[in-house]
$ cat final-v5.cif   # mmCIF, C-alpha atoms
data_work
loop_
_atom_site.label_atom_id
_atom_site.label_comp_id
_atom_site.auth_asym_id
_atom_site.auth_seq_id
_atom_site.Cartn_x
_atom_site.Cartn_y
_atom_site.Cartn_z
CA MET A 1 26.74 236.17 42.74
CA ALA A 2 30.12 236.47 41.04
CA SER A 3 31.38 239.06 43.51
CA LYS A 4 30.30 236.86 46.43
CA ILE A 5 32.24 233.90 45.03
CA ASN A 6 35.28 236.10 44.43
CA ARG A 7 35.22 237.32 48.03
CA ALA A 8 35.09 233.74 49.27
CA GLY A 9 38.13 232.85 47.20
CA GLN A 10 40.18 235.54 48.90
CA HIS A 11 40.03 233.45 52.09
CA LEU A 12 41.68 230.49 50.38
CA CYS A 13 45.38 229.77 49.94
CA ILE A 14 45.70 226.88 47.49
CA GLY A 15 48.34 224.58 46.10
CA ILE A 16 48.67 223.95 42.37
CA THR A 17 50.56 221.45 40.24
CA GLY A 18 53.40 221.90 37.81
CA THR A 19 56.08 224.48 37.07
CA GLU A 20 54.04 226.59 34.65
CA LEU A 21 50.44 227.57 34.06
CA THR A 22 48.39 224.91 32.30
CA THR A 23 44.86 225.06 30.98
CA ALA A 24 43.62 223.09 33.99
CA THR A 25 45.39 225.39 36.45
CA ARG A 26 44.05 228.49 34.72
CA ARG A 27 40.55 227.04 34.93
CA LEU A 28 40.97 226.38 38.65
CA LEU A 29 42.35 229.85 39.35
CA LYS A 30 39.55 231.51 37.39
CA ALA A 31 36.90 229.54 39.29
CA VAL A 32 38.34 230.11 42.76
CA GLN A 33 40.28 233.40 42.50
CA PRO A 34 42.32 232.54 45.61
CA GLY A 35 43.82 235.16 47.86
CA GLY A 36 47.00 233.12 48.17
CA ILE A 37 48.95 230.39 46.41
CA ILE A 38 51.38 228.11 48.23
CA LEU A 39 54.32 226.65 46.34
CA PHE A 40 55.96 223.28 46.88
CA ALA A 41 59.01 221.55 45.45
CA ARG A 42 56.71 220.25 42.69
CA ASN A 43 56.43 223.84 41.43
CA VAL A 44 60.18 224.53 41.36
CA ASP A 45 62.61 223.82 38.52
CA ASN A 46 65.11 226.68 38.50
CA ALA A 47 65.32 230.33 39.48
CA ASP A 48 64.35 231.81 36.12
CA GLN A 49 61.40 229.45 35.84
CA LEU A 50 60.16 230.28 39.33
CA ARG A 51 60.43 234.05 38.84
CA ALA A 52 58.42 233.76 35.63
CA PHE A 53 55.91 231.46 37.31
CA THR A 54 55.21 233.77 40.26
CA GLN A 55 54.82 236.71 37.89
CA SER A 56 52.37 234.79 35.73
CA LEU A 57 50.35 233.71 38.77
CA ARG A 58 49.90 237.33 39.84
CA ALA A 59 49.01 238.42 36.32
CA GLU A 60 46.43 235.66 35.97
CA LEU A 61 44.03 236.97 38.62
CA PRO A 62 42.12 240.27 38.98
CA VAL A 63 43.30 240.53 42.59
CA PRO A 64 46.94 239.39 42.57
CA PRO A 65 47.40 236.62 45.15
CA PHE A 66 50.22 236.63 47.62
CA ILE A 67 52.68 233.80 46.99
CA ALA A 68 53.69 231.63 49.95
CA ILE A 69 56.04 228.75 50.67
CA ASP A 70 57.39 226.63 53.56
CA GLN A 71 61.10 227.46 53.61
CA GLU A 72 62.59 226.59 56.98
CA ASN A 73 65.97 224.86 57.17
CA GLU A 74 67.69 221.58 56.28
CA ARG A 75 64.56 219.50 57.01
CA VAL A 76 61.96 221.57 55.14
CA ASN A 77 63.50 223.12 52.03
CA ARG A 78 61.13 223.54 49.08
CA LEU A 79 63.77 225.40 47.06
CA ARG A 80 66.42 222.69 47.16
CA ALA A 81 66.55 222.63 43.35
CA ILE A 82 67.66 226.29 43.41
CA VAL A 83 69.59 226.85 46.65
CA GLY A 84 70.92 223.37 47.36
CA GLU A 85 71.02 222.09 50.93
CA LEU A 86 70.26 224.37 53.87
CA PRO A 87 72.02 224.11 57.23
CA ALA A 88 70.52 222.36 60.23
CA LEU A 89 69.19 224.58 63.01
CA ALA A 90 71.93 223.37 65.34
CA ASP A 91 74.56 224.58 62.87
CA ILE A 92 72.87 227.97 62.56
CA GLN A 93 72.78 228.31 66.33
CA ARG A 94 76.47 227.47 66.59
CA THR A 95 77.28 230.39 64.29
CA GLY A 96 75.06 232.72 66.34
CA HIS A 97 73.62 234.28 63.19
CA ALA A 98 69.98 233.21 62.90
CA ASP A 99 69.14 236.74 61.81
CA GLU A 100 71.56 236.52 58.88
CA PHE A 101 70.14 233.13 57.92
CA GLY A 102 66.66 234.61 57.95
CA ARG A 103 67.82 237.60 55.92
CA THR A 104 69.43 235.36 53.31
CA ILE A 105 66.29 233.25 53.05
CA GLY A 106 64.25 236.45 52.74
CA ARG A 107 66.39 237.90 49.96
CA CYS A 108 66.12 234.65 48.05
CA LEU A 109 62.33 234.43 48.41
CA HIS A 110 61.83 238.08 47.56
CA ASP A 111 63.95 237.76 44.44
CA LEU A 112 61.84 234.77 43.34
CA GLY A 113 58.56 236.65 43.82
CA ILE A 114 57.49 235.04 47.11
CA ASP A 115 55.77 237.22 49.71
CA LEU A 116 55.16 234.95 52.69
CA ASP A 117 57.16 232.22 54.42
CA PHE A 118 55.21 229.77 56.58
CA ALA A 119 58.07 229.81 59.07
CA PRO A 120 59.58 229.67 61.60
CA VAL A 121 58.37 226.79 63.74
CA LEU A 122 57.68 228.07 67.27
CA ASP A 123 56.87 224.65 68.72
CA LEU A 124 59.05 223.49 71.60
CA GLU A 125 61.12 220.34 71.20
CA LEU A 126 59.39 218.41 73.98
CA CYS A 127 59.33 214.84 72.66
CA THR A 128 62.04 212.23 72.31
CA PRO A 129 63.99 212.05 69.04
CA THR A 130 62.11 208.86 68.12
CA THR A 131 58.67 210.47 68.36
CA ASP A 132 57.06 210.73 64.93
CA ASN A 133 55.26 214.09 65.16
CA ALA A 134 56.83 215.63 62.00
CA LEU A 135 58.77 218.20 64.05
CA ARG A 136 62.15 216.47 64.31
CA ASP A 137 64.99 218.90 63.52
CA ARG A 138 62.52 221.76 62.92
CA CYS A 139 62.28 223.22 66.45
CA TRP A 140 64.57 226.04 67.55
CA GLY A 141 64.82 224.82 71.15
CA LYS A 142 63.48 222.86 74.09
CA THR A 143 62.56 225.94 76.10
CA ALA A 144 60.45 228.98 75.35
CA ALA A 145 63.43 231.28 75.92
CA GLU A 146 65.52 229.45 73.30
CA VAL A 147 62.74 229.52 70.72
CA ILE A 148 61.99 233.21 71.35
CA ARG A 149 65.65 234.13 70.88
CA TRP A 150 66.49 232.10 67.79
CA ALA A 151 63.17 232.15 65.96
CA GLY A 152 62.82 235.84 66.79
CA GLU A 153 66.17 236.54 65.14
CA PHE A 154 65.13 234.53 62.08
CA ILE A 155 61.92 236.58 61.80
CA THR A 156 63.90 239.82 62.06
CA GLY A 157 66.19 238.80 59.23
CA LEU A 158 63.43 237.39 57.02
CA GLU A 159 61.18 240.42 57.29
CA SER A 160 64.04 242.89 56.81
CA ALA A 161 64.30 241.45 53.29
CA GLY A 162 60.64 242.17 52.53
CA VAL A 163 59.11 238.74 53.18
CA ALA A 164 56.44 238.20 55.84
CA ALA A 165 56.88 235.50 58.45
CA CYS A 166 53.99 233.26 59.47
CA PRO A 167 55.13 231.27 62.53
CA LYS A 168 53.50 227.94 63.36
CA HIS A 169 51.82 225.81 64.81
CA PHE A 170 49.78 227.78 67.36
CA PRO A 171 49.33 227.06 70.25
CA GLY A 172 52.26 224.62 70.03
CA LEU A 173 52.58 221.03 68.81
CA GLY A 174 55.79 220.20 70.64
CA ALA A 175 54.11 217.71 72.98
CA ALA A 176 52.25 215.90 70.18
CA THR A 177 53.08 212.20 69.91
CA GLN A 178 51.37 211.82 66.52
CA ASP A 179 51.89 213.50 63.16
CA SER A 180 48.95 215.79 62.30
CA HIS A 181 49.59 215.01 58.63
CA GLU A 182 48.15 211.58 59.42
CA HIS A 183 46.13 211.82 62.66
CA LEU A 184 44.66 214.36 65.07
CA PRO A 185 47.20 214.50 67.92
CA THR A 186 45.84 215.03 71.42
CA ILE A 187 47.93 217.20 73.74
CA THR A 188 47.20 216.51 77.41
CA ARG A 189 49.51 219.07 79.04
CA ARG A 190 48.01 221.17 81.81
CA ARG A 191 46.67 224.59 80.92
CA GLU A 192 49.22 226.35 83.12
CA ASP A 193 52.09 224.48 81.44
CA LEU A 194 50.76 225.24 77.97
CA LEU A 195 50.49 228.94 78.76
CA ALA A 196 53.85 229.18 80.52
CA GLU A 197 55.80 227.16 77.97
CA ASP A 198 54.17 226.18 74.64
CA VAL A 199 52.21 229.40 74.10
CA ARG A 200 54.90 231.72 75.41
CA PRO A 201 56.95 232.07 72.17
CA PHE A 202 53.78 233.03 70.28
CA ALA A 203 52.79 235.44 73.05
CA GLU A 204 56.21 237.12 73.20
CA LEU A 205 56.48 237.50 69.43
CA THR A 206 52.84 238.45 68.77
CA PRO A 207 53.40 242.25 68.71
CA ARG A 208 55.85 241.82 65.80
CA LEU A 209 53.80 239.44 63.67
CA SER A 210 51.54 240.06 60.68
CA ALA A 211 50.42 236.43 60.32
CA MET A 212 50.25 233.24 62.36
CA MET A 213 49.42 229.64 61.49
CA VAL A 214 47.12 227.60 63.72
CA GLY A 215 47.85 223.88 63.84
CA HIS A 216 45.57 220.87 64.01
CA GLY A 217 46.30 219.58 67.52
CA HIS A 218 43.55 218.88 70.04
CA TYR A 219 44.18 220.52 73.43
CA VAL A 220 42.21 218.92 76.25
CA ALA A 221 43.02 221.80 78.62
CA PHE A 222 41.36 224.30 76.28
CA ASP A 223 38.61 222.32 74.53
CA GLY A 224 37.83 219.37 76.78
CA ALA A 225 37.89 215.68 75.98
CA LYS A 226 35.87 215.75 72.75
CA PRO A 227 38.34 215.92 69.84
CA LYS A 228 38.52 219.39 68.27
CA PRO A 229 41.49 220.65 66.23
CA ALA A 230 42.85 224.04 67.28
CA SER A 231 42.19 225.23 63.72
CA LEU A 232 38.45 224.74 64.35
CA SER A 233 38.41 226.04 67.92
CA PRO A 234 36.97 229.47 68.77
CA VAL A 235 38.37 228.99 72.27
CA ILE A 236 41.90 228.84 70.89
CA ILE A 237 41.61 231.31 67.98
CA GLN A 238 39.23 233.92 69.36
CA ASP A 239 39.63 233.64 73.13
CA LEU A 240 43.29 232.71 73.48
CA LEU A 241 44.97 234.15 70.38
CA ARG A 242 42.82 237.20 69.70
CA ARG A 243 41.62 238.29 73.14
CA GLN A 244 44.23 237.00 75.58
CA LEU A 245 47.32 237.46 73.40
CA GLY A 246 45.92 240.47 71.53
CA PHE A 247 46.89 239.23 68.06
CA THR A 248 45.33 241.41 65.34
CA GLY A 249 47.03 239.96 62.26
CA LEU A 250 46.16 237.28 59.74
CA VAL A 251 45.25 233.83 61.09
CA VAL A 252 45.96 230.99 58.66
CA THR A 253 45.16 227.32 59.17
CA ASP A 254 47.56 224.53 58.48
CA ASP A 255 46.71 222.46 55.39
CA MET A 256 43.11 221.29 55.67
CA GLU A 257 43.96 218.20 53.61
CA MET A 258 46.00 216.77 56.47
CA GLY A 259 44.75 213.60 58.11
CA ALA A 260 43.90 215.43 61.33
CA ILE A 261 41.06 217.08 59.40
CA THR A 262 40.14 214.68 56.61
CA ARG A 263 39.72 211.72 58.97
CA ALA A 264 37.27 213.69 61.11
CA GLY A 265 34.31 213.84 58.71
CA ASN A 266 32.77 216.37 56.34
CA PHE A 267 35.60 218.28 54.68
CA GLY A 268 33.59 221.32 53.61
CA ALA A 269 32.08 221.64 57.09
CA SER A 270 35.55 221.53 58.62
CA VAL A 271 36.73 224.39 56.43
CA THR A 272 33.69 226.58 57.14
CA GLY A 273 34.11 225.65 60.80
CA ALA A 274 37.65 227.01 60.75
CA VAL A 275 36.44 230.35 59.37
CA GLN A 276 33.60 230.45 61.88
CA ALA A 277 36.15 229.78 64.63
CA GLY A 278 38.13 232.85 63.55
CA ALA A 279 40.56 231.79 60.83
CA ASP A 280 41.00 234.39 58.08
CA MET A 281 42.49 232.06 55.49
CA VAL A 282 42.45 228.29 55.04
CA LEU A 283 45.09 226.25 53.27
CA VAL A 284 44.02 223.55 50.81
CA CYS A 285 47.26 222.43 49.28
CA HIS A 286 46.81 219.53 46.92
CA THR A 287 43.51 218.39 45.39
CA PRO A 288 41.62 220.54 42.85
CA GLU A 289 38.31 218.82 43.64
CA LYS A 290 38.68 219.65 47.34
CA ILE A 291 39.66 223.23 46.52
CA LEU A 292 36.52 223.67 44.43
CA ALA A 293 34.35 222.06 47.11
CA VAL A 294 35.80 224.31 49.79
CA HIS A 295 35.31 227.38 47.63
CA GLU A 296 31.66 226.47 47.12
CA ALA A 297 31.18 225.95 50.87
CA LEU A 298 32.79 229.29 51.71
CA SER A 299 30.70 231.09 49.08
CA LYS A 300 27.55 229.99 50.91
CA MET A 301 28.55 231.30 54.33
CA LYS A 302 28.74 234.80 55.76
CA ILE A 303 32.39 235.59 56.32
CA PRO A 304 32.96 238.24 59.00
CA PRO A 305 33.86 241.62 57.47
CA GLU A 306 36.70 242.04 59.96
CA SER A 307 38.33 238.97 58.41
CA ALA A 308 38.29 240.59 54.97
CA HIS A 309 39.74 243.72 56.58
CA ARG A 310 42.65 241.77 58.06
CA LEU A 311 43.36 240.23 54.66
CA GLU A 312 43.40 243.66 53.04
CA CYS A 313 45.71 245.08 55.73
CA PHE A 314 48.12 242.19 55.24
CA ARG A 315 48.03 242.63 51.48
CA LYS A 316 48.71 246.37 51.65
CA LYS A 317 51.59 245.97 54.07
CA TRP A 318 53.43 243.17 52.28
CA TYR A 319 52.63 243.91 48.65
CA ALA A 320 54.36 247.24 49.17
CA ARG A 321 57.56 245.26 49.80
CA ARG A 322 57.49 244.11 46.18
CA ASP A 323 58.99 247.53 45.40
CA LEU A 324 62.13 246.80 47.37
CA ASN A 325 65.31 246.11 45.44
CA PRO A 326 66.71 242.92 46.98
CA GLN A 327 70.22 241.67 46.43
CA PRO A 328 70.50 239.19 43.57
CA LEU A 329 69.50 235.59 44.27
CA VAL A 330 72.18 233.86 46.28
CA PRO A 331 73.79 230.99 44.34
CA LYS A 332 73.95 227.45 45.71
CA THR A 333 77.48 227.87 46.99
CA ASN A 334 76.91 230.87 49.25
CA ALA A 335 75.65 231.43 52.80
CA LEU A 336 72.39 229.54 52.35
CA SER A 337 74.22 226.26 52.41
CA SER A 338 77.20 227.16 54.58
#

$ encode --input "final-v5.cif" --output "structure tokens"
Amino acid sequence: MASKINRAGQHLCIGITGTELTTATRRLLKAVQPGGIILFARNVDNADQLRAFTQSLRAELPVPPFIAIDQENERVNRLRAIVGELPALADIQRTGHADEFGRTIGRCLHDLGIDLDFAPVLDLELCTPTTDNALRDRCWGKTAAEVIRWAGEFITGLESAGVAACPKHFPGLGAATQDSHEHLPTITRRREDLLAEDVRPFAELTPRLSAMMVGHGHYVAFDGAKPKPASLSPVIIQDLLRRQLGFTGLVVTDDMEMGAITRAGNFGASVTGAVQAGADMVLVCHTPEKILAVHEALSKMKIPPESAHRLECFRKKWYARRDLNPQPLVPKTNALSS
């Protein structure tokens, strides 16, 4: 029974509280044994603290988890307490050095003990600036060609420093008029437009990627009128992403505690539904009670062995990068904020 529960935990990436291990956090980690841990600003005090924290998190578990974060640009910057302000995407594009920006971010994350960046955003900037879909100032362009160029350069730089990229939010939330943190957005674009535009950056970059995040949008062209988040859709994960695009890497869901999921009904059923649809790892970022409930639900289902294989392949590829010798952490005054 214990080994079954441990295997289930490997398919979870969880959020924890605080800047150091507490008794409550140790109890949670022991019960769940997650395959990944995602950090937020709430976990960050200073560079020395964060290095020690990531080391202690790995040492706490029999299978060391990979450590992840959302570190994008000016708008989404979990490490502000360490690196200061990051530039806006428009400023990075004006310099023409998205690869160097990605490399600098990668060196910083690697030095702090972080393996995976849930970035870059590959969504197209399709809505007006007043649309509240949580993507303002996070998109690399309005067209697929722009996103492929700039986000592709960011990925090149990030991964050259030993940190894996996990682009998001497949198959593209650019046309969403609602924020999936609060509601399930419905995207009504035609299938041919989705494939030619929204999906194209993911398709073009797929051969280079080890991981990809699936968002929580509902796509009428793929799943019909009945609301179904992409993260729970076998049509989108298995048919479109796996078979049509040929993606063989790790599929991660966006946070399952977002309103797009929690407003829909049974939380545990949603999480097991995501794994049944083809997700290899689910994010549960905030609530210990939900993390424990999800772990229990996953421990009772049969997780496909190929999913465990993809997790192991990802782990072997990116844990090896821990042996790299990155440049020292860049101080607040250097290229990260220029």

$ resolve_selection --input "final-v5.cif" --expression "the PyMOL selection byres ((chain A and resi 301-306) around 12)" --output "PyMOL selection string"
chain A and resi 4-5+7-11+248-251+268-269+271-281+294-300+307-313

$ write_last_selection --input "final-v5.cif" --atoms "C-alpha atoms" --output "JSON list (two decimals), in the coordinates of the input"
[["chain", "number", "residue", "atom", "x", "y", "z"],
["A", 4, "LYS", "CA", 30.30, 236.86, 46.43],
["A", 5, "ILE", "CA", 32.24, 233.90, 45.03],
["A", 7, "ARG", "CA", 35.22, 237.32, 48.03],
["A", 8, "ALA", "CA", 35.09, 233.74, 49.27],
["A", 9, "GLY", "CA", 38.13, 232.85, 47.20],
["A", 10, "GLN", "CA", 40.18, 235.54, 48.90],
["A", 11, "HIS", "CA", 40.03, 233.45, 52.09],
["A", 248, "THR", "CA", 45.33, 241.41, 65.34],
["A", 249, "GLY", "CA", 47.03, 239.96, 62.26],
["A", 250, "LEU", "CA", 46.16, 237.28, 59.74],
["A", 251, "VAL", "CA", 45.25, 233.83, 61.09],
["A", 268, "GLY", "CA", 33.59, 221.32, 53.61],
["A", 269, "ALA", "CA", 32.08, 221.64, 57.09],
["A", 271, "VAL", "CA", 36.73, 224.39, 56.43],
["A", 272, "THR", "CA", 33.69, 226.58, 57.14],
["A", 273, "GLY", "CA", 34.11, 225.65, 60.80],
["A", 274, "ALA", "CA", 37.65, 227.01, 60.75],
["A", 275, "VAL", "CA", 36.44, 230.35, 59.37],
["A", 276, "GLN", "CA", 33.60, 230.45, 61.88],
["A", 277, "ALA", "CA", 36.15, 229.78, 64.63],
["A", 278, "GLY", "CA", 38.13, 232.85, 63.55],
["A", 279, "ALA", "CA", 40.56, 231.79, 60.83],
["A", 280, "ASP", "CA", 41.00, 234.39, 58.08],
["A", 281, "MET", "CA", 42.49, 232.06, 55.49],
["A", 294, "VAL", "CA", 35.80, 224.31, 49.79],
["A", 295, "HIS", "CA", 35.31, 227.38, 47.63],
["A", 296, "GLU", "CA", 31.66, 226.47, 47.12],
["A", 297, "ALA", "CA", 31.18, 225.95, 50.87],
["A", 298, "LEU", "CA", 32.79, 229.29, 51.71],
["A", 299, "SER", "CA", 30.70, 231.09, 49.08],
["A", 300, "LYS", "CA", 27.55, 229.99, 50.91],
["A", 307, "SER", "CA", 38.33, 238.97, 58.41],
["A", 308, "ALA", "CA", 38.29, 240.59, 54.97],
["A", 309, "HIS", "CA", 39.74, 243.72, 56.58],
["A", 310, "ARG", "CA", 42.65, 241.77, 58.06],
["A", 311, "LEU", "CA", 43.36, 240.23, 54.66],
["A", 312, "GLU", "CA", 43.40, 243.66, 53.04],
["A", 313, "CYS", "CA", 45.71, 245.08, 55.73]]

$ resolve_selection --input "final-v5.cif" --expression "the PyMOL selection byres ((chain A and resi 86-91) around 8)" --output "NGL selection string"
:A and (73-75 or 77 or 80 or 83-85 or 92-95 or 137-140 or 336-338)

$ resolve_selection --input "final-v5.cif" --expression "the PyMOL selection byres ((chain A and resi 48) around 12)" --output "VMD selection string"
chain A and resid 19 to 20 44 to 47 49 to 55 81 to 82 111 to 113 329

$ atom_distance --input "final-v5.cif" --atom1 "atom CA of Gly36 of chain A" --atom2 "atom CA of Gly246 of chain A"
24.5 Å

$ atom_distance --input "final-v5.cif" --atom1 "atom CA of Thr25 of chain A" --atom2 "atom CA of Ser56 of chain A"
11.7 Å

$ build_atoms --input "final-v5.cif" --residues "segment 82-101 of chain A" --atoms "N, CA and C atoms" --output "compact mmCIF listing (two decimals), keeping the file's coordinate frame"
# COMPACT_ATOMS: atom_id res chain seq x y z
N ILE A 82 67.04 225.00 43.71
CA ILE A 82 67.66 226.29 43.41
C ILE A 82 68.82 226.59 44.35
N VAL A 83 68.60 226.41 45.66
CA VAL A 83 69.59 226.85 46.65
C VAL A 83 70.47 225.73 47.17
N GLY A 84 70.16 224.48 46.81
CA GLY A 84 70.92 223.37 47.36
C GLY A 84 70.48 223.07 48.78
N GLU A 85 71.36 222.46 49.56
CA GLU A 85 71.02 222.09 50.93
C GLU A 85 71.12 223.29 51.87
N LEU A 86 70.21 223.35 52.82
CA LEU A 86 70.26 224.37 53.87
C LEU A 86 70.88 223.79 55.13
N PRO A 87 71.43 224.62 55.99
CA PRO A 87 72.02 224.11 57.23
C PRO A 87 70.97 223.64 58.23
N ALA A 88 71.38 222.77 59.12
CA ALA A 88 70.52 222.36 60.23
C ALA A 88 70.43 223.51 61.23
N LEU A 89 69.36 223.52 62.02
CA LEU A 89 69.19 224.58 63.01
C LEU A 89 70.34 224.60 64.01
N ALA A 90 70.82 223.41 64.39
CA ALA A 90 71.93 223.37 65.34
C ALA A 90 73.17 224.06 64.79
N ASP A 91 73.41 223.92 63.49
CA ASP A 91 74.56 224.58 62.87
C ASP A 91 74.37 226.09 62.83
N ILE A 92 73.15 226.53 62.56
CA ILE A 92 72.87 227.97 62.56
C ILE A 92 73.08 228.55 63.95
N GLN A 93 72.63 227.83 64.96
CA GLN A 93 72.78 228.31 66.33
C GLN A 93 74.24 228.37 66.74
N ARG A 94 75.04 227.44 66.26
CA ARG A 94 76.47 227.47 66.59
C ARG A 94 77.15 228.71 66.02
N THR A 95 76.69 229.17 64.87
CA THR A 95 77.28 230.39 64.29
C THR A 95 76.79 231.64 65.01
N GLY A 96 75.63 231.55 65.67
CA GLY A 96 75.06 232.72 66.34
C GLY A 96 74.43 233.73 65.42
N HIS A 97 74.11 233.32 64.18
CA HIS A 97 73.62 234.28 63.19
C HIS A 97 72.29 233.84 62.58
N ALA A 98 71.31 233.56 63.42
CA ALA A 98 69.98 233.21 62.90
C ALA A 98 69.37 234.37 62.13
N ASP A 99 69.68 235.59 62.53
CA ASP A 99 69.14 236.74 61.81
C ASP A 99 69.69 236.81 60.39
N GLU A 100 70.97 236.51 60.22
CA GLU A 100 71.56 236.52 58.88
C GLU A 100 71.01 235.38 58.03
N PHE A 101 70.77 234.23 58.65
CA PHE A 101 70.14 233.13 57.92
C PHE A 101 68.75 233.53 57.45
